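Student: Structure supplied as start_10.txt; contents: compact mmCIF, C-alpha atoms and all ligand atoms.
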```txt
# COMPACT_ATOMS: atom_id res chain seq x y z
CA MET A 296 2.64 -10.07 17.32
CA ARG A 297 4.21 -10.71 13.92
CA ILE A 298 2.87 -8.36 11.30
CA ILE A 299 3.67 -6.59 8.07
CA LEU A 300 2.67 -2.93 7.82
CA LEU A 301 1.96 -1.73 4.30
CA GLY A 302 1.03 1.82 3.45
CA ALA A 303 2.03 4.79 1.33
CA PRO A 304 4.67 7.27 2.49
CA GLY A 305 2.99 9.45 5.11
CA ALA A 306 0.39 6.82 6.01
CA GLY A 307 1.84 6.81 9.53
CA LYS A 308 3.52 3.38 9.52
CA GLY A 309 6.33 4.53 11.81
CA THR A 310 4.00 5.98 14.44
CA VAL A 311 1.71 2.95 14.41
CA ALA A 312 4.67 0.53 14.57
CA LYS A 313 6.05 2.38 17.58
CA GLN A 314 2.72 2.16 19.42
CA LEU A 315 2.38 -1.55 18.60
CA THR A 316 5.88 -2.37 19.88
CA ASP A 317 5.02 -0.59 23.14
CA LEU A 318 2.08 -2.98 23.57
CA ASP A 319 3.85 -6.33 23.59
CA GLY A 320 7.59 -5.79 23.25
CA SER A 321 7.77 -6.80 19.60
CA VAL A 322 10.40 -4.96 17.56
CA GLN A 323 10.03 -2.63 14.61
CA ILE A 324 12.10 -3.67 11.59
CA SER A 325 12.61 -1.59 8.47
CA THR A 326 14.96 -2.37 5.59
CA GLY A 327 16.72 0.98 5.99
CA ASP A 328 17.38 0.35 9.68
CA ILE A 329 18.69 -3.20 9.28
CA LEU A 330 20.96 -2.19 6.38
CA ARG A 331 22.36 0.75 8.34
CA SER A 332 22.98 -1.30 11.47
CA ALA A 333 24.58 -4.18 9.51
CA VAL A 334 26.91 -1.64 7.87
CA LYS A 335 27.66 -0.01 11.21
CA ALA A 336 28.34 -3.36 12.89
CA GLY A 337 30.72 -4.19 10.05
CA THR A 338 29.34 -7.71 9.57
CA GLU A 339 30.22 -9.64 6.42
CA LEU A 340 26.75 -8.93 5.00
CA GLY A 341 26.99 -5.30 6.11
CA LYS A 342 30.24 -4.86 4.19
CA LYS A 343 28.64 -6.27 1.05
CA ALA A 344 25.66 -3.92 1.44
CA GLN A 345 27.97 -0.97 2.01
CA GLY A 346 29.65 -1.66 -1.32
CA TYR A 347 26.35 -1.32 -3.18
CA MET A 348 25.35 1.76 -1.22
CA GLU A 349 28.68 3.49 -1.84
CA ARG A 350 28.38 2.85 -5.56
CA GLY A 351 24.88 4.35 -5.44
CA GLU A 352 23.34 1.03 -6.45
CA LEU A 353 20.28 -0.69 -5.04
CA VAL A 354 21.08 -3.44 -2.55
CA PRO A 355 19.89 -6.64 -4.25
CA ASP A 356 16.95 -8.51 -2.75
CA SER A 357 19.04 -11.63 -2.12
CA LEU A 358 21.35 -9.65 0.18
CA ILE A 359 18.46 -7.84 1.87
CA MET A 360 16.90 -11.24 2.61
CA GLU A 361 20.13 -12.56 4.13
CA ILE A 362 20.34 -9.51 6.38
CA MET A 363 16.63 -9.86 7.21
CA GLU A 364 17.20 -13.50 8.15
CA SER A 365 19.99 -12.71 10.57
CA ARG A 366 17.89 -9.86 12.04
CA LEU A 367 14.86 -12.12 12.60
CA GLU A 368 17.06 -14.64 14.37
CA GLU A 369 18.19 -12.13 16.98
CA PRO A 370 16.75 -12.80 20.45
CA ASP A 371 14.74 -9.56 20.65
CA CYS A 372 12.50 -10.85 17.83
CA LYS A 373 11.22 -13.65 20.07
CA LYS A 374 8.37 -11.43 21.27
CA GLY A 375 7.44 -10.60 17.70
CA PHE A 376 8.24 -8.11 14.98
CA ILE A 377 6.60 -5.44 12.90
CA LEU A 378 7.93 -5.19 9.37
CA ASP A 379 7.62 -1.51 8.57
CA GLY A 380 7.51 -0.88 4.83
CA PHE A 381 8.86 -4.31 3.89
CA PRO A 382 8.28 -6.10 1.52
CA ARG A 383 7.96 -3.46 -1.19
CA THR A 384 7.59 -5.73 -4.22
CA ILE A 385 6.09 -9.11 -5.13
CA PRO A 386 9.53 -10.79 -5.47
CA GLN A 387 10.39 -9.57 -1.96
CA ALA A 388 7.07 -10.88 -0.68
CA GLU A 389 7.78 -14.31 -2.22
CA ALA A 390 11.26 -14.33 -0.70
CA LEU A 391 9.90 -13.33 2.69
CA LYS A 392 7.33 -16.13 2.55
CA LYS A 393 10.13 -18.66 2.00
CA LEU A 394 12.25 -17.12 4.74
CA LEU A 395 9.45 -17.20 7.33
CA LYS A 396 8.74 -20.81 6.45
CA LYS A 397 12.41 -21.67 6.87
CA LEU A 398 12.50 -19.97 10.27
CA ASN A 399 9.22 -21.62 11.19
CA LEU A 400 7.54 -18.27 11.86
CA LYS A 401 3.92 -17.49 11.11
CA LEU A 402 2.59 -14.01 10.41
CA ASP A 403 -0.44 -12.88 12.41
CA LEU A 404 -1.54 -10.25 9.96
CA VAL A 405 -0.66 -8.08 6.99
CA VAL A 406 -2.02 -4.59 7.53
CA ASP A 407 -2.70 -2.13 4.75
CA LEU A 408 -2.92 1.39 6.10
CA ASP A 409 -5.24 2.98 3.60
CA VAL A 410 -5.00 6.71 4.16
CA PRO A 411 -6.62 9.13 1.67
CA ARG A 412 -4.20 10.94 -0.63
CA GLU A 413 -5.25 14.39 0.67
CA VAL A 414 -4.47 13.34 4.24
CA VAL A 415 -1.01 12.05 3.25
CA LEU A 416 -0.30 15.22 1.24
CA ASP A 417 -1.42 17.45 4.06
CA ARG A 418 0.57 15.48 6.63
CA LEU A 419 3.82 15.51 4.65
CA THR A 420 3.76 19.00 3.11
CA THR A 421 3.27 20.51 6.56
CA ARG A 422 6.26 18.62 7.98
CA ARG A 423 9.47 20.46 8.74
CA THR A 424 12.76 19.00 9.95
CA CYS A 425 15.57 20.50 12.01
CA SER A 426 18.57 20.94 9.69
CA ASN A 427 21.02 19.95 12.43
CA PRO A 428 22.09 16.40 11.43
CA GLU A 429 22.60 15.54 15.11
CA CYS A 430 19.06 16.62 16.00
CA GLN A 431 16.62 16.18 13.09
CA GLU A 432 13.65 17.01 15.32
CA ILE A 433 10.39 16.81 13.34
CA TYR A 434 7.99 19.75 13.35
CA ASN A 435 4.63 20.45 11.77
CA VAL A 436 3.61 23.95 10.76
CA LYS A 437 0.07 23.26 12.00
CA SER A 438 0.36 21.01 15.03
CA LYS A 439 3.94 21.46 16.27
CA PRO A 440 5.47 24.66 14.92
CA PRO A 441 9.11 25.68 15.46
CA THR A 442 9.90 29.19 16.78
CA ALA A 443 8.31 32.19 15.01
CA ASP A 444 11.50 32.71 12.99
CA GLY A 445 11.72 29.02 12.02
CA LYS A 446 14.30 27.76 14.51
CA CYS A 447 14.45 24.39 16.30
CA LEU A 448 13.15 24.52 19.88
CA LYS A 449 15.74 21.94 20.95
CA CYS A 450 18.96 23.13 19.34
CA GLY A 451 18.27 26.49 17.66
CA TRP A 452 19.25 25.38 14.13
CA LYS A 453 17.11 26.34 11.15
CA VAL A 454 14.02 24.19 10.55
CA VAL A 455 13.51 23.31 6.88
CA GLN A 456 11.18 21.50 4.48
CA ARG A 457 12.93 18.39 3.16
CA ASP A 458 13.31 18.12 -0.62
CA ASP A 459 11.33 14.88 -0.63
CA GLU A 460 8.45 16.46 1.29
CA THR A 461 7.39 19.12 -1.20
CA GLU A 462 4.00 18.59 -2.83
CA GLU A 463 5.64 17.71 -6.16
CA ALA A 464 8.04 15.18 -4.63
CA ILE A 465 5.30 13.55 -2.57
CA THR A 466 3.02 13.22 -5.56
CA LYS A 467 5.86 11.39 -7.35
CA ARG A 468 6.51 9.14 -4.34
CA LEU A 469 2.83 8.23 -4.16
CA ILE A 470 2.76 7.31 -7.85
CA THR A 471 5.84 5.09 -7.42
CA TYR A 472 4.28 3.50 -4.35
CA ASN A 473 1.07 2.73 -6.18
CA GLU A 474 2.90 1.16 -9.11
CA LYS A 475 5.28 -1.01 -7.07
CA THR A 476 3.58 -1.76 -3.81
CA ALA A 477 -0.13 -1.75 -4.52
CA PRO A 478 0.14 -5.21 -6.23
CA LEU A 479 1.17 -6.51 -2.80
CA ILE A 480 -2.30 -5.71 -1.52
CA ASP A 481 -3.76 -8.21 -4.00
CA TYR A 482 -1.00 -10.70 -3.23
CA TYR A 483 -1.78 -10.73 0.50
CA LYS A 484 -5.53 -10.64 -0.13
CA LYS A 485 -5.11 -13.94 -2.00
CA GLU A 486 -2.98 -15.30 0.84
CA GLY A 487 -5.90 -14.49 3.14
CA SER A 488 -3.85 -12.51 5.62
CA LEU A 489 -4.74 -8.93 4.67
CA LYS A 490 -6.56 -6.45 6.86
CA THR A 491 -7.25 -3.01 5.41
CA ILE A 492 -7.53 -0.22 7.93
CA SER A 493 -8.83 3.15 6.80
CA PHE A 494 -8.83 5.21 9.98
CA THR A 495 -6.56 8.19 10.28
CA SER A 496 -5.78 8.41 13.99
CA SER A 497 -2.95 6.13 15.05
CA GLN A 498 -4.83 5.00 18.17
CA GLU A 499 -7.79 3.83 16.05
CA ILE A 500 -5.37 2.02 13.74
CA VAL A 501 -3.66 0.28 16.66
CA ASN A 502 -7.04 -0.79 18.08
CA GLY A 503 -8.09 -2.08 14.66
CA ILE A 504 -4.91 -4.18 14.35
CA THR A 505 -5.01 -5.68 17.85
CA GLY A 506 -8.73 -6.41 17.43
CA ALA A 507 -8.11 -8.23 14.14
CA ILE A 508 -5.31 -10.35 15.66
CA LYS A 509 -7.51 -11.35 18.61
CA LYS A 510 -10.30 -12.46 16.27
CA LYS A 511 -7.98 -14.90 14.46
ZN ZN B 601 17.22 20.77 16.32
```
Taking this structure as input, can you express it in the form of structure tokens?
Ligand SMILES: [Zn+2]

Tutor:
Amino acid sequence: MRIILLGAPGAGKGTVAKQLTDLDGSVQISTGDILRSAVKAGTELGKKAQGYMERGELVPDSLIMEIMESRLEEPDCKKGFILDGFPRTIPQAEALKKLLKKLNLKLDLVVDLDVPREVVLDRLTTRRTCSNPECQEIYNVKSKPPTADGKCLKCGWKVVQRDDETEEAITKRLITYNEKTAPLIDYYKKEGSLKTISFTSSQEIVNGITGAIKKK
């Protein structure tokens, strides 16, 4: 399958993408991942991106699109891809449309994971992360608690709440998301490729997506 997954932080895009890739061997692609691996591989584009990142600047869309193009041309994308959290803005969506046309690739679906704000807040404020940079195991105070004294079950380091996962930080992230990304929902609605899915369990979401692709 070739799909775009849209959804606020905490909507569960990562989990859903993982389950979808398990179904048909398509690959999950996020901007963060492709930038990091281009930098790590030391490609020409990666070096350019690294420059921006080291100066604390945003990597420009034109460069992101070049890196996206080379990623989509890798052989493992033959079985399909799931764009996780990309595009984020209308200009990126326009650029992606051109790129897919150039590569002669057609999207099956654009999925909007519409998860209620309370669910997102609850999901993210209860998350805890192992502070060991080599481990970073994810916990949840309700469903997957660390040890009674707040230590990681895998490595024994302290388990902490990330700064960007406090209620205040999440509220800010959701506002930013709504301002920047929500217009994409209208954009893809007009393109006729949008499917809004409002379930909360990842299995229901996966079933909703595969069902919608089959119907096309
Ligand atoms: Zn750990």

Student: Do you know which residues are within 8 Å of ligand ZN 601 (chain B) using only C-alpha atoms and all ligand atoms? Can you write them as a PyMOL selection string?

Tutor: chain A and resi 424-427+429-432+446-454

Student: Next, the residues of the selection above should be written as a PDB file, in the frame of the given file with C-alpha atoms.

Tutor:
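Written out: selection.pdb:
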```pdb
ATOM      1  CA  THR A 424      12.760  19.000   9.950  1.00  0.00           C
ATOM      2  CA  CYS A 425      15.570  20.500  12.010  1.00  0.00           C
ATOM      3  CA  SER A 426      18.570  20.940   9.690  1.00  0.00           C
ATOM      4  CA  ASN A 427      21.020  19.950  12.430  1.00  0.00           C
ATOM      5  CA  GLU A 429      22.600  15.540  15.110  1.00  0.00           C
ATOM      6  CA  CYS A 430      19.060  16.620  16.000  1.00  0.00           C
ATOM      7  CA  GLN A 431      16.620  16.180  13.090  1.00  0.00           C
ATOM      8  CA  GLU A 432      13.650  17.010  15.320  1.00  0.00           C
ATOM      9  CA  LYS A 446      14.300  27.760  14.510  1.00  0.00           C
ATOM     10  CA  CYS A 447      14.450  24.390  16.300  1.00  0.00           C
ATOM     11  CA  LEU A 448      13.150  24.520  19.880  1.00  0.00           C
ATOM     12  CA  LYS A 449      15.740  21.940  20.950  1.00  0.00           C
ATOM     13  CA  CYS A 450      18.960  23.130  19.340  1.00  0.00           C
ATOM     14  CA  GLY A 451      18.270  26.490  17.660  1.00  0.00           C
ATOM     15  CA  TRP A 452      19.250  25.380  14.130  1.00  0.00           C
ATOM     16  CA  LYS A 453      17.110  26.340  11.150  1.00  0.00           C
ATOM     17  CA  VAL A 454      14.020  24.190  10.550  1.00  0.00           C
TER      18      VAL A 454
END
```

Student: To one decimal in Å, tell me the separation between CA of Pro411 (chain A) and CA of Lys475 (chain A).

Tutor: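 Here the two named atoms are 17.9 Å from each other.
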
Student: Enclose the full set of atoms of region 422-438 of chain A listed in the file within a box whose edges lie along x, y and z, apply 3 Å of padding to each of the six sides, and report centre and edge lengths in Å to one decimal as lines of an AutoDock Vina configuration file.

Tutor:
```
center_x = 11.3
center_y = 19.7
center_z = 12.0
size_x = 28.5
size_y = 14.4
size_z = 14.0
```

Student: Which residue is closest to Asp319 (chain A)? Choose from A:Met363, A:Leu400, A:Leu340, A:Cys372 and count only C-alpha atoms.

Tutor: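 Smallest separation from Asp319 (chain A) among the options: A:Cys372.
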
Student: Leaving out Ile470 (chain A) and any residue of its chain fewer than 6 positions from it, which residues lie within 12 Å of it when counting only C-alpha atoms, given as a PDB file with C-alpha atoms, in the coordinates of the input?

Tutor:
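Produced file around.pdb, reproduced below:
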```pdb
ATOM      1  CA  ALA A 303       2.030   4.790   1.330  1.00  0.00           C
ATOM      2  CA  PRO A 304       4.670   7.270   2.490  1.00  0.00           C
ATOM      3  CA  ARG A 412      -4.200  10.940  -0.630  1.00  0.00           C
ATOM      4  CA  GLU A 463       5.640  17.710  -6.160  1.00  0.00           C
ATOM      5  CA  ALA A 464       8.040  15.180  -4.630  1.00  0.00           C
ATOM      6  CA  THR A 476       3.580  -1.760  -3.810  1.00  0.00           C
ATOM      7  CA  ALA A 477      -0.130  -1.750  -4.520  1.00  0.00           C
TER       8      ALA A 477
END
```

Student: CA of Ser325 (chain A) to CA of Gln498 (chain A): how many Å, to one decimal?

Tutor: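 Those two atoms sit 21.0 Å apart.
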
Student: Mind listing whatever residues come within 10 Å of the point (12.1, -10.6, 17.2)? Use all atoms listed in the file, file coordinates, and give them as a list in words.

Tutor: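 The requested residues, written out, are Met296, Arg297, Gly320, Ser321, Val322, Gln323, Ile324, Arg366, Leu367, Glu368, Glu369, Pro370, Asp371, Cys372, Lys373, Lys374, Gly375, Phe376 and Ile377 of chain A.
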
Student: List the neighbours of Lys397 (chain A) out to 12 Å using only C-alpha atoms; skip same-chain residues closer than 4 positions along the sequence, and give me the result as an NGL selection string.

Tutor: :A and (364 or 367-368 or 390-393 or 401)

Student: Grab the CA of Asp459 (chain A) to CA of Thr420 (chain A) distance for me, in Å with one decimal place.

Tutor: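 Pair CA of Asp459 (chain A) / CA of Thr420 (chain A) returns 9.4 Å.
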
Student: Do you know which residues are at most 12 Å from Ala507 (chain A) counting all atoms listed in the file, after dropping those on the same chain fewer than 2 positions away, and could you put them as JSON, numbers by chain?

Tutor: {"A": [296, 298, 403, 404, 405, 406, 488, 489, 490, 491, 492, 500, 501, 502, 503, 504, 505, 509, 510, 511]}

Student: With C-alpha atoms retained, could you export that selection as an mmCIF file, in the coordinates of the input?

Tutor:
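Result saved to out_11.cif:
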```cif
data_model
loop_
_atom_site.group_PDB
_atom_site.id
_atom_site.type_symbol
_atom_site.label_atom_id
_atom_site.label_comp_id
_atom_site.auth_asym_id
_atom_site.auth_seq_id
_atom_site.Cartn_x
_atom_site.Cartn_y
_atom_site.Cartn_z
ATOM 1 C CA MET A 296 2.640 -10.070 17.320
ATOM 2 C CA ILE A 298 2.870 -8.360 11.300
ATOM 3 C CA ASP A 403 -0.440 -12.880 12.410
ATOM 4 C CA LEU A 404 -1.540 -10.250 9.960
ATOM 5 C CA VAL A 405 -0.660 -8.080 6.990
ATOM 6 C CA VAL A 406 -2.020 -4.590 7.530
ATOM 7 C CA SER A 488 -3.850 -12.510 5.620
ATOM 8 C CA LEU A 489 -4.740 -8.930 4.670
ATOM 9 C CA LYS A 490 -6.560 -6.450 6.860
ATOM 10 C CA THR A 491 -7.250 -3.010 5.410
ATOM 11 C CA ILE A 492 -7.530 -0.220 7.930
ATOM 12 C CA ILE A 500 -5.370 2.020 13.740
ATOM 13 C CA VAL A 501 -3.660 0.280 16.660
ATOM 14 C CA ASN A 502 -7.040 -0.790 18.080
ATOM 15 C CA GLY A 503 -8.090 -2.080 14.660
ATOM 16 C CA ILE A 504 -4.910 -4.180 14.350
ATOM 17 C CA THR A 505 -5.010 -5.680 17.850
ATOM 18 C CA LYS A 509 -7.510 -11.350 18.610
ATOM 19 C CA LYS A 510 -10.300 -12.460 16.270
ATOM 20 C CA LYS A 511 -7.980 -14.900 14.460
#
```

Student: Can you find the residues with an atom no farther than 12 Å from (11.1, -11.1, 1.6), counting only C-alpha atoms, and report them as number ranges by chain?

Tutor: A: 299, 325-326, 355-364, 367, 378, 380-397, 479

Student: Kindly indicate which residue among A:Gly346, A:Glu352, A:Val455, A:Lys313 lies nearest to Leu300 (chain A), using all atoms listed in the file for the distances.

Tutor: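 Residue with the minimum atom-to-atom distance to Leu300 (chain A): A:Lys313.
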
Student: Looking at only C-alpha atoms, which of A:Asp417, A:Asp379, A:Glu474, A:Glu349 is the one that sits closest to Glu460 (chain A)?

Tutor: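 Selected residue with least distance to Glu460 (chain A): A:Asp417.
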
Student: Nearest to Arg418 (chain A) among A:Gln345, A:Glu462, A:Ile508, A:Gly445, with distances taken over all atoms listed in the file: which residue is it?

Tutor: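 For Arg418 (chain A), the nearest of the candidates is A:Glu462.
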
Student: Is it possible to add N, CA and C atoms to region 431-464 of chain A and hand it back as a short mmCIF file (atom, residue, chain, number, x, y, z; two decimals), keeping the file's coordinate frame?

Tutor:
```
data_model
loop_
_atom_site.label_atom_id
_atom_site.label_comp_id
_atom_site.auth_asym_id
_atom_site.auth_seq_id
_atom_site.Cartn_x
_atom_site.Cartn_y
_atom_site.Cartn_z
N GLN A 431 17.68 16.63 14.00
CA GLN A 431 16.62 16.18 13.09
C GLN A 431 15.24 16.10 13.71
N GLU A 432 14.98 16.96 14.70
CA GLU A 432 13.65 17.01 15.32
C GLU A 432 12.61 17.32 14.24
N ILE A 433 11.45 16.62 14.32
CA ILE A 433 10.39 16.81 13.34
C ILE A 433 9.37 17.84 13.86
N TYR A 434 9.02 18.78 13.00
CA TYR A 434 7.99 19.75 13.35
C TYR A 434 6.84 19.66 12.37
N ASN A 435 5.76 20.36 12.70
CA ASN A 435 4.63 20.45 11.77
C ASN A 435 4.08 21.87 11.86
N VAL A 436 3.99 22.54 10.72
CA VAL A 436 3.61 23.95 10.76
C VAL A 436 2.24 24.16 11.40
N LYS A 437 1.39 23.11 11.38
CA LYS A 437 0.07 23.26 12.00
C LYS A 437 0.07 22.81 13.47
N SER A 438 0.57 21.58 13.70
CA SER A 438 0.36 21.01 15.03
C SER A 438 1.56 21.13 15.96
N LYS A 439 2.76 21.36 15.39
CA LYS A 439 3.94 21.46 16.27
C LYS A 439 4.95 22.41 15.63
N PRO A 440 4.62 23.71 15.64
CA PRO A 440 5.47 24.66 14.92
C PRO A 440 6.80 24.91 15.64
N PRO A 441 7.85 25.25 14.85
CA PRO A 441 9.11 25.68 15.46
C PRO A 441 8.95 27.12 15.99
N THR A 442 10.02 27.81 16.31
CA THR A 442 9.90 29.19 16.78
C THR A 442 9.35 30.07 15.65
N ALA A 443 8.92 31.28 16.00
CA ALA A 443 8.31 32.19 15.01
C ALA A 443 9.26 32.46 13.85
N ASP A 444 10.57 32.47 14.10
CA ASP A 444 11.50 32.71 12.99
C ASP A 444 12.09 31.40 12.45
N GLY A 445 11.35 30.29 12.66
CA GLY A 445 11.72 29.02 12.02
C GLY A 445 12.95 28.34 12.58
N LYS A 446 13.14 28.43 13.90
CA LYS A 446 14.30 27.76 14.51
C LYS A 446 13.83 26.57 15.36
N CYS A 447 14.75 25.59 15.51
CA CYS A 447 14.45 24.39 16.30
C CYS A 447 14.38 24.75 17.79
N LEU A 448 13.33 24.23 18.46
CA LEU A 448 13.15 24.52 19.88
C LEU A 448 14.21 23.79 20.72
N LYS A 449 14.78 22.72 20.17
CA LYS A 449 15.74 21.94 20.95
C LYS A 449 17.16 22.47 20.81
N CYS A 450 17.55 22.81 19.55
CA CYS A 450 18.96 23.13 19.34
C CYS A 450 19.19 24.48 18.68
N GLY A 451 18.10 25.14 18.20
CA GLY A 451 18.27 26.49 17.66
C GLY A 451 18.68 26.55 16.19
N TRP A 452 18.92 25.37 15.57
CA TRP A 452 19.25 25.38 14.13
C TRP A 452 17.99 25.71 13.33
N LYS A 453 18.22 26.03 12.04
CA LYS A 453 17.11 26.34 11.15
C LYS A 453 16.26 25.09 10.89
N VAL A 454 14.94 25.29 10.85
CA VAL A 454 14.02 24.19 10.55
C VAL A 454 13.60 24.31 9.09
N VAL A 455 13.72 23.23 8.33
CA VAL A 455 13.51 23.31 6.88
C VAL A 455 12.50 22.26 6.38
N GLN A 456 12.01 22.50 5.15
CA GLN A 456 11.18 21.50 4.48
C GLN A 456 12.11 20.60 3.68
N ARG A 457 12.06 19.30 3.90
CA ARG A 457 12.93 18.39 3.16
C ARG A 457 12.55 18.35 1.69
N ASP A 458 13.56 18.16 0.82
CA ASP A 458 13.31 18.12 -0.62
C ASP A 458 12.28 17.06 -1.00
N ASP A 459 12.26 15.94 -0.27
CA ASP A 459 11.33 14.88 -0.63
C ASP A 459 9.97 15.06 0.04
N GLU A 460 9.75 16.20 0.66
CA GLU A 460 8.45 16.46 1.29
C GLU A 460 7.73 17.66 0.70
N THR A 461 8.16 18.10 -0.48
CA THR A 461 7.39 19.12 -1.20
C THR A 461 6.22 18.41 -1.87
N GLU A 462 5.19 19.20 -2.24
CA GLU A 462 4.00 18.59 -2.83
C GLU A 462 4.35 17.79 -4.10
N GLU A 463 5.25 18.37 -4.92
CA GLU A 463 5.64 17.71 -6.16
C GLU A 463 6.34 16.37 -5.88
N ALA A 464 7.28 16.40 -4.95
CA ALA A 464 8.04 15.18 -4.63
C ALA A 464 7.13 14.10 -4.05
#
```
